[in-house]
Structures are given as structure tokens and as C-alpha cells.
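Notes for the one structure printed next.
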Amino acid sequence: MELITFNLEPLIQEYKENPYILNKLQTYLNNLPTMLAHDNKKYNERQTRINELIMEQDNFYQIFLSKNPYYYMHHNNIFYEYNGKTYSVIQEDDIQYHLLSTITDEGKLVQWKHKTKITLIKKIKERSLFTAIPETYTIQQILLFLQTIFYNKHEAKYFLTILGDCLLKKNTDNLFFIHPSMKKVITLIDSVSNITTGSTILNNFIVKYHDTHKISSYRLINTIDTFSLDMIKNTLNDIGVDLLCVAAHYSERYNNSNQFLLTYIDDPTRKHILYFENYSTEQIIANFVSQCIEVNTADESHINWKNMHYIWKLYLQTNNIPNMIYATQLQTSLANMLEHTTSADGSAILFTNITSKYLPNVSVVLAFWEKYITVLSANTTSDEYAYEIDELITLYKRTNNNKSNTVNESNMIKIIQHYFSPTVQIVDNKYITNIKCSLWVKHDDIYQFLKHYSPATSKNDASPEEPDLLSFDVLYQDYIKYIRAKSTVEQTQLYTVSKHFFEKYLTIKLAPYIKFDKFVSSSWSL
């Protein structure tokens with residue numbers, strides 16, 4: 001008010017001698033109330049409109065974000081959309097187009113279209129992908145997938161809470177012990193995590209004990225050994241982001257993995273997970289001795305270190321416990337508990353006056369191996385000298401009149417791995433390479449068949465335009481007939497090799513005559 005008066009007084013003084021201007025000033029002052037009232041009305045209307053637009057804009061933000069679940073990850077600068085079933089990448093241009101189209105269609109915010117777009121994109125960028133709450137359908141699909149890896153739904157959920165803790169960087173001192181085959185799955189999940197978040201989960205999972213670890217911090221993760229890695233890889237390509245979102249949701253929903261473990265996991269499973277928290281290394285070794293070792297002074301029984309170490313590994317595998325001690329430490333601990341003698345140079349230890357229920361099968365298998373198996377040099381073509389594990393079991397039982405039924409494929413693999421690795425290799429838990437069994441030299445049978453085979457009598461009639469070619473299928477069928485006929489003539493049981501082995505042998509021995517991968521020229525010779 002003072003400023004208005006201050007500005008008006010000089011004007012009056014300046015024009016006090018000018019009646020025309022003073023009259024104009026008087027006219028302006030007379031019209032001033034009307035003008036001010038008009039301007040005041042326009043101002044109030046504009047403020048009301050702005051307030052209405054602000055309220056409309058706030059409502060628009062809430063409704064749009066509710067109807068259109070868009071999220072964002074700062075690490076990769078990628079927007080995501082959730083359709084109620086799966087999370088997928090969406091381009092920012094597509095979001096903006098949809099946003100502007102919605103504003104235009106509704107009409108109320110058209111004059112603030114650009115401002116609304118900028119603010120809403122900013123709000124979306126503040127919505128982390130891991131704040132999204134997945135629907136039941138998404139959760140169930142992830143649980144169905146994980147139940148191909150874990151034994152039940154609760155173990156799958158526990159894994160999700162662990163994964164969520166890792167993604168959300170929740171403080172945990174635990175290390176999660178997994179089977180080596182599971183390491184490949186974790187690596188696949190880690191690649192999705194790394195692309196999405198820029199962080200790794202690998203450091204939280206281990207497959208091997210290290211003496212720098214605090215053993216009581218281990219948590220055991222039990223998984224199915226027979227899952228298909230290829231299937232898992234293909235599935236993760238489709239649902240990898242879904243898996244991460246469900247994991248983050250479970251970690252938040254249950255607070256953390258430890259809380260879920262204590263509240264929702266049944267007692268037997270929880271005890272196994274917390275095995276290393278409940279039992280010290282000394283207690284585990286003591287349990288091993290009480291369950292697997294028997295005192296036997298009458299027969300002067302003894303167990304050498306090679307056999308003792310095998311029994312120890314068998315005990316761990318049977319109880320689904322990972323190895324938590326180095327061989328030298330285990331030997332020292334057992335020496336403190338059991339009677340023993342040591343060689344003069346201290347290089348060998350023999351545990352005396354004891355036996356084990358696991359040794360008879362081992363002894364029989366080793367005797368079979370020593371008598372019938374020849375370990376070949378590393379330079380031998382492994383595809384030519386390979387036996388399937390079920391073939392080896394069949395030959396083993398044949399020598400023991402089928403009485404040694406307690407030795408199954410799993411036992412045989414464990415024995416071979418312990419006593420003959422790395423010279424003898426086991427591939428895919430099925431093929432034993434670089435050995436030859438005198439009971440059945442597989443490649444000799446095929447060689448004799450090919451030697452006596454007459455290509456002229458077995459042309460591949462199915463391919464008249466290629467009369468000089470024989471298919472692998474025809475050759476294999478004739479090989480089976482040859483073995484059956486030979487068995488009849490010799491009045492003995494002869495075995496046939498698998499089609500896979502047969503074709504491998506042909507590929508090696510008849511390489512110059514192979515045509516179109518699966519055909520052999522009828523002019524072949526050995």
C-alpha cells in the first residue's frame with residue numbers, strides 16, 4: 001500500500017498544472033475497481049483451473065500406473081512391462097506413445113500433455129522392477145519350473161528367498177552349499193541377474209569346502225541330480241526376469257531366507273539345511289566311525305587308507321553331505337580315533353582290527369576289475385574303447401553268477417571314480433572310457449561282422465538312386481542278426497553294442513568311405 005501511494009504521489013505533483021492529465025488520472029482511478037475486480041476474477045478462475053489440473057494430473061498418474069505396470073532398472077536403462085503373467089522389456093518410445101495417446105483420448109490434460117509425460121516417465125523410472133508384486137499365475141509358473149530342480153515346493157520357495165536376498169543385497173553371512181551340477185544352473189541365473197541388475201550372485205553359492213570358510217555358516221541346498229540342463233537353459237531364456245522378480249518378492253514377503261527357513265520349512269529338511277550349524281567336523285567324523293566302521297579283532301582285519309577314504313566319500317554321498325575336510329586332515333583325525341600302523345617312511349597308514357560293511361562289495365568289484373579290465377593309455381581313441389555302465393554291470397554280474405546284486409550302477413560309478421580316476425573317465429555318468437574288458441571286446445565283434453559282411457547282399461533298396469550306399473541303420477540291423485546267429489551256433493550268450501557305439505565305430509574305422517554322414521560306400525574295405 002505504501003508503495004502504491006509512493007508511486008502515485010509523484011504523478012500528481014508532476015501533472016498538478018495539467019487539468020487534462022489530472023482528469024484522465026481521475027477517470028482511471030474511477031475505473032480501477034472494475035478492472036481490479038475483473039483481473040481478480042480471472043486470476044481466481046485460473047488458479048482454480050490449475051488446482052483442478054493438478055488434481056486431475058495426480059489422479060491420472062495413479063490410474064495410469066495402476067493400469068499399466070511399467071518398471072525400470074537403472075543399471076541397464078531398460079523399461080519393463082508386466083502383463084499379469086510375465087515380465088518383458090518395453091521400449092520407452094512405446095510407453096510415451098501409449099501415454100500421449102491416453103492423454104489425448106481423455107482430453108482433460110491435453111494442455112499439459114508434455115509436462116505430464118515428463119513427470120510420468122520420471123515416476124516410472126523411480127519404480128524398480130523388484131518392487132513389482134507378481135500375480136499368482138507368475139509365482140506358480142516359477143515354482144513349477146523350480147520343482148524340476150528341487151524335491152518339493154517348500155525347498156523351491158526357500159531357494160527363491162535366498163536368491164531374493166542376494167538380489168536385494170540383504171546382509172547375510174551364510175554360504176549356500178550346492179551340488180556341482182547345480183553350479184551350472186546358478187551360473188545361468190547369474191547371467192540373467194548380471195544383465196538385469198549388474199550384480200552377481202555367484203559368490204553366495206559354493207560347491208567346495210575351503211579352510212578359510214566358517215563351516216557353521218554353510219547352508220545345504222538339496223537338489224535333484226537328474227534335471228536337464230538344456231531344458232533349464234531354454235526355460236530361463238523365457239522366464240529369467242520372472243524368476244528374479246518372484247525371488248525379490250519372496251525375500252520381501254518373508255523378510256529374508258533365514259526367517260523363511262525357521263518358520264516354514266519342516267523339521268527334517270531344516271535339520272539337513274542347518275547340518276553344519278548343528279554338527280562340528282569332529283562330530284561328523286565320529287558319526288561316520290560309529291555308522292560305518294566295526295571293530296573286528298578276531299580276524300586281524302584292517303582297512304588301508306584308499307579303502308577308508310572311499311568309505312568316507314560313500315558315507316557323505318549316502319547322507320547327502322558335501323565334503324568339509326581335506327584328506328590329510330581326515331586321515332589325522334581318524335588316526336587319533338582308531339588303532340593304526342604307519343609304514344617306516346610314514347607315507348602309508350593302515351587302520352587295524354576294524355572292518356566295514358561296505359568293503360565286501362568293493363573287494364569283489366576290484367577283483368573283477370583286476371582280472372578282466374585293462375586300462376588303456378590316454379592316447380587311445382576313447383570312442384572305440386568305451387563301455388556303458390549297464391554293460392559293465394552285466395559283465396560283472398555274469399562273473400559272479402548274478403549274486404552281487406547289491407552293486408548297482410551308482411555304486412560301480414563311485415568305485416571307478418575313486419580308485420581309477422583320472423586315467424579312466426566317466427562321461428555323462430554313463431560311458432566309461434579308456435578300458436577294455438576281456439569278457440567282451442566290443443569293437444572286435446563289430447570288426448568280425450564287417451569282415452564277413454557282404455555288401456552285395458544288403459544294398460539299401462530304399463535309395464535306388466544311390467545303389468552304391470549302405471545306411472548305418474541297415475548295417476546295424478544286419479549286425480544284430482549276425483550276433484544272434486553266432487550266439488546260436490556257439491551256444492553262448494553274446495552281447496550287442498548300442499546303436500550309438502556301433503555308429504561311432506563305423507565313423508572311426510570307415511571314415512574314408514562315409515557319405516552324407518549316415519551312409520557307407522559299398523566299396524568299403526577294412
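Going through the C-alpha cells in order, the chains are called A, B, and so on, while each chain numbers its residues from 1 and the ligands are numbered from 1 in the order shown.
Within range 232-456 of chain A, the backbone-based DSSP assignment of strand (DSSP E) covers Glu294, Val295, His302, Ile303, Asn304, His340, Thr341, Thr342, Ile349, Leu350, Phe351, Thr352, Ile354, Thr355, Ile373, Thr374, Val375, Ala386, Tyr387, Glu388, Gln425, Ile426, Val427, Tyr431, Ile432, Thr433, Ile435, Lys436 and Cys437 of chain A.
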Serialized selection, N, CA and C atoms, as a PDB file, in the first residue's frame:
ATOM      1  N   GLU A 294      33.438-101.057  12.021  1.00  0.00           N
ATOM      2  CA  GLU A 294      33.157-102.063  13.047  1.00  0.00           C
ATOM      3  C   GLU A 294      34.482-102.639  13.565  1.00  0.00           C
ATOM      4  N   VAL A 295      34.544-102.846  14.871  1.00  0.00           N
ATOM      5  CA  VAL A 295      35.735-103.460  15.477  1.00  0.00           C
ATOM      6  C   VAL A 295      35.722-104.952  15.174  1.00  0.00           C
ATOM      7  N   HIS A 302      41.832-105.274   8.679  1.00  0.00           N
ATOM      8  CA  HIS A 302      42.422-103.951   8.567  1.00  0.00           C
ATOM      9  C   HIS A 302      41.836-103.237   7.346  1.00  0.00           C
ATOM     10  N   ILE A 303      41.962-101.929   7.335  1.00  0.00           N
ATOM     11  CA  ILE A 303      41.489-101.101   6.224  1.00  0.00           C
ATOM     12  C   ILE A 303      42.598-100.132   5.847  1.00  0.00           C
ATOM     13  N   ASN A 304      43.036-100.189   4.603  1.00  0.00           N
ATOM     14  CA  ASN A 304      44.064 -99.241   4.171  1.00  0.00           C
ATOM     15  C   ASN A 304      43.427 -97.876   3.898  1.00  0.00           C
ATOM     16  N   HIS A 340      45.999 -98.018  14.508  1.00  0.00           N
ATOM     17  CA  HIS A 340      46.605 -97.975  13.187  1.00  0.00           C
ATOM     18  C   HIS A 340      48.099 -98.234  13.276  1.00  0.00           C
ATOM     19  N   THR A 341      48.629 -98.540  12.124  1.00  0.00           N
ATOM     20  CA  THR A 341      50.091 -98.639  11.978  1.00  0.00           C
ATOM     21  C   THR A 341      50.501 -97.769  10.806  1.00  0.00           C
ATOM     22  N   THR A 342      51.766 -97.346  10.834  1.00  0.00           N
ATOM     23  CA  THR A 342      52.261 -96.467   9.774  1.00  0.00           C
ATOM     24  C   THR A 342      53.520 -97.069   9.193  1.00  0.00           C
ATOM     25  N   ILE A 349      49.326 -95.432   5.828  1.00  0.00           N
ATOM     26  CA  ILE A 349      48.710 -95.728   7.112  1.00  0.00           C
ATOM     27  C   ILE A 349      47.744 -96.891   6.943  1.00  0.00           C
ATOM     28  N   LEU A 350      47.711 -97.771   7.933  1.00  0.00           N
ATOM     29  CA  LEU A 350      46.825 -98.944   7.906  1.00  0.00           C
ATOM     30  C   LEU A 350      46.044 -98.970   9.207  1.00  0.00           C
ATOM     31  N   PHE A 351      44.711 -98.897   9.099  1.00  0.00           N
ATOM     32  CA  PHE A 351      43.854 -98.947  10.283  1.00  0.00           C
ATOM     33  C   PHE A 351      43.596-100.408  10.618  1.00  0.00           C
ATOM     34  N   THR A 352      43.906-100.788  11.840  1.00  0.00           N
ATOM     35  CA  THR A 352      43.923-102.204  12.215  1.00  0.00           C
ATOM     36  C   THR A 352      42.733-102.575  13.098  1.00  0.00           C
ATOM     37  N   ILE A 354      39.768-103.517  12.461  1.00  0.00           N
ATOM     38  CA  ILE A 354      38.451-102.989  12.105  1.00  0.00           C
ATOM     39  C   ILE A 354      38.041-103.509  10.736  1.00  0.00           C
ATOM     40  N   THR A 355      36.747-103.404  10.457  1.00  0.00           N
ATOM     41  CA  THR A 355      36.220-103.740   9.132  1.00  0.00           C
ATOM     42  C   THR A 355      35.050-102.807   8.855  1.00  0.00           C
ATOM     43  N   ILE A 373      39.640-106.296 -16.565  1.00  0.00           N
ATOM     44  CA  ILE A 373      39.695-104.960 -17.161  1.00  0.00           C
ATOM     45  C   ILE A 373      41.132-104.543 -17.401  1.00  0.00           C
ATOM     46  N   THR A 374      41.385-103.993 -18.572  1.00  0.00           N
ATOM     47  CA  THR A 374      42.675-103.401 -18.908  1.00  0.00           C
ATOM     48  C   THR A 374      42.483-101.902 -19.109  1.00  0.00           C
ATOM     49  N   VAL A 375      43.239-101.116 -18.370  1.00  0.00           N
ATOM     50  CA  VAL A 375      43.182 -99.660 -18.530  1.00  0.00           C
ATOM     51  C   VAL A 375      44.158 -99.274 -19.629  1.00  0.00           C
ATOM     52  N   ALA A 386      35.100 -97.913 -25.135  1.00  0.00           N
ATOM     53  CA  ALA A 386      34.195 -97.350 -24.135  1.00  0.00           C
ATOM     54  C   ALA A 386      33.083 -98.345 -23.848  1.00  0.00           C
ATOM     55  N   TYR A 387      32.699 -98.419 -22.587  1.00  0.00           N
ATOM     56  CA  TYR A 387      31.610 -99.299 -22.168  1.00  0.00           C
ATOM     57  C   TYR A 387      30.557 -98.463 -21.454  1.00  0.00           C
ATOM     58  N   GLU A 388      29.309 -98.787 -21.727  1.00  0.00           N
ATOM     59  CA  GLU A 388      28.245 -98.167 -20.952  1.00  0.00           C
ATOM     60  C   GLU A 388      28.208 -98.825 -19.582  1.00  0.00           C
ATOM     61  N   GLN A 425      37.949 -92.338 -17.441  1.00  0.00           N
ATOM     62  CA  GLN A 425      36.996 -91.233 -17.417  1.00  0.00           C
ATOM     63  C   GLN A 425      35.558 -91.751 -17.508  1.00  0.00           C
ATOM     64  N   ILE A 426      34.671 -91.102 -16.751  1.00  0.00           N
ATOM     65  CA  ILE A 426      33.240 -91.417 -16.837  1.00  0.00           C
ATOM     66  C   ILE A 426      32.556 -90.203 -17.439  1.00  0.00           C
ATOM     67  N   VAL A 427      31.905 -90.404 -18.564  1.00  0.00           N
ATOM     68  CA  VAL A 427      31.272 -89.314 -19.308  1.00  0.00           C
ATOM     69  C   VAL A 427      29.758 -89.402 -19.125  1.00  0.00           C
ATOM     70  N   TYR A 431      29.125 -93.422 -19.702  1.00  0.00           N
ATOM     71  CA  TYR A 431      30.161 -94.067 -20.503  1.00  0.00           C
ATOM     72  C   TYR A 431      31.487 -94.109 -19.760  1.00  0.00           C
ATOM     73  N   ILE A 432      32.092 -95.309 -19.683  1.00  0.00           N
ATOM     74  CA  ILE A 432      33.416 -95.481 -19.078  1.00  0.00           C
ATOM     75  C   ILE A 432      34.401 -95.640 -20.222  1.00  0.00           C
ATOM     76  N   THR A 433      35.345 -94.740 -20.307  1.00  0.00           N
ATOM     77  CA  THR A 433      36.253 -94.712 -21.451  1.00  0.00           C
ATOM     78  C   THR A 433      37.638 -95.227 -21.069  1.00  0.00           C
ATOM     79  N   ILE A 435      39.029 -98.193 -21.370  1.00  0.00           N
ATOM     80  CA  ILE A 435      39.181 -99.529 -20.779  1.00  0.00           C
ATOM     81  C   ILE A 435      38.793-100.583 -21.810  1.00  0.00           C
ATOM     82  N   LYS A 436      39.285-101.778 -21.585  1.00  0.00           N
ATOM     83  CA  LYS A 436      38.918-102.933 -22.421  1.00  0.00           C
ATOM     84  C   LYS A 436      38.640-104.100 -21.496  1.00  0.00           C
ATOM     85  N   CYS A 437      37.500-104.754 -21.678  1.00  0.00           N
ATOM     86  CA  CYS A 437      37.122-105.898 -20.852  1.00  0.00           C
ATOM     87  C   CYS A 437      37.327-107.178 -21.654  1.00  0.00           C
TER      88      CYS A 437
END
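For Gln493 in chain A, the non-local neighbours within 12 Å, defined as residues at least 5 positions apart in the same chain or in other chains and counting only C-alpha atoms, are A:Thr394, A:Leu395, A:Arg398, A:Leu439, A:Trp440, A:Ile483, A:Arg484, A:Ala485, A:Lys486, A:Ser487, A:Thr488.
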I'd like the contact shell of Ile162 in chain A - 8 Å cut-off, only C-alpha atoms, skipping same-chain residues fewer than 3 positions apart - returned as number ranges by chain. A: 158-159, 165-166, 247, 251, 256-257
Near range 266-273 of chain A, within 10 Å and counting only C-alpha atoms, which residues show up once chain neighbours fewer than 6 positions away are dropped, as a PyMOL selection string? chain A and resi 154-155+176-177+218-222+319-321
Which one of A:Ser377, A:Ser193, A:Thr223, A:Thr86 sits closest to Ile142 in chain A if you count only C-alpha atoms? A:Thr86
Any idea what's packed within 10 Å of Tyr479 in chain A, counting only C-alpha atoms, ignoring anything in its chain fewer than 3 positions away? Could you give it as a VMD selection string? chain A and resid 445 to 446 448 to 450 453 473 to 476 482 to 485 496 to 497 502
So which one's closest to Phe288 in chain A, A:Ala156, A:Asn255, A:Met337, A:His418? Using only C-alpha atoms, please.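 Among A:Ala156, A:Asn255, A:Met337, A:His418, it is A:Met337 that comes nearest to Phe288 in chain A.
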Members of range 175-370 of chain A assigned helix (DSSP H, G or I) by DSSP, as a ChimeraX atom specification: /A:180-197,202-204,215-217,229-253,257-264,267-273,275-278,281-292,305-318,327-337,359-370
